[in-house]
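First the structure, in the form of structure tokens, and then the observations on it.
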Amino acid sequence: MLNQLQCSYCRLTYRDHSVSLEAIVAVPPTGITDVSGWITKHFEEVRHLTHWLNGKLTLDVGHDRPAVQIWLEVPYPSCVLPETPA
């Protein structure tokens, strides 16, 4: 999806109990009069999936230029390896 929207920045971060994705997507300069509607159209399925996975999704519209900053975080169980006997 980010590739189709010509994502200009993307970073995937692994933490102990979660994975997060940060991305910036430019809003197309022509034909978009309702940026909020454009965001809903492109991110509604991601919002539902994130909710189902008990994650967090934040979508912020840039003020100085028409871009959407995306922050997505989903938890995952930690993988604890058994201790090796000494």
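As shown in the structure tokens, the chain order sets the letters A, B, ...; within each chain, residues go from 1, and ligands are also counted from 1 in the order they appear.
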Close residues, A:Val35 itself excluded, 9 Å, only C-alpha atoms, min 6 positions apart in chain, as a ChimeraX atom specification
/A:27,61,66
Please give the complete set of residues from chain A that DSSP, run on the backbone, assigns to strand (DSSP E), formatted as JSON, numbers by chain.
{"A": [9, 10, 11, 12, 13, 14, 18, 19, 20, 21, 22, 23, 24, 25, 26, 56, 57, 58, 59, 60, 61, 67, 68, 69, 70, 71, 72, 73, 74, 75]}
So what do you get for atom CA of A:Leu5 versus atom CA of A:Ala26, distance-wise?
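Result for atom CA of A:Leu5 versus atom CA of A:Ala26: 7.7 Å, one decimal.
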Atom CA of A:Val68 to atom CA of A:Val46, straight-line distance in Å
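According to the coordinates, atom CA of A:Val46 and atom CA of A:Val68 are separated by 14.2 Å.
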Could you check how far atom CA of A:Asn3 sits from atom CA of A:Phe43, in Å to one decimal?
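According to the coordinates, atom CA of A:Asn3 and atom CA of A:Phe43 are separated by 13.6 Å.
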My list of candidates is A:Leu72, A:Leu49, A:Leu59, A:Ile24. Which is closest to A:Cys7 when distances are computed with only C-alpha atoms?
A:Ile24
Looking at only C-alpha atoms, which of A:Asp34, A:Arg15, A:Pro28, A:His42 is the one that sits closest to A:Met1?
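Using only C-alpha atoms, the shortest distance to A:Met1 belongs to A:His42.
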From a DSSP calculation on the backbone, collect every residue of stretch 26-75 of chain A in alpha helix (DSSP H) and output the set as an MDAnalysis selection string.
chainID A and resid 35:52
Counting only C-alpha atoms, the residue of A:Leu53, A:Ala67, A:Val74, A:Leu21 that sits nearest A:Ser36
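Under the stated criterion, the closest residue is A:Ala67.
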From A:Gln69, A:Gly55, A:Ile39, A:Pro75, residue lying nearest A:Ser8 [only C-alpha atoms]:
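Once distances to A:Ser8 are computed over only C-alpha atoms, the minimum belongs to A:Gln69.
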Pick out the closest residue to A:Lys56 from this set: A:Leu2, A:Leu12, A:Val25, A:Val19. Count only C-alpha atoms.
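The shortest atom-to-atom distance to A:Lys56 comes from A:Val19.
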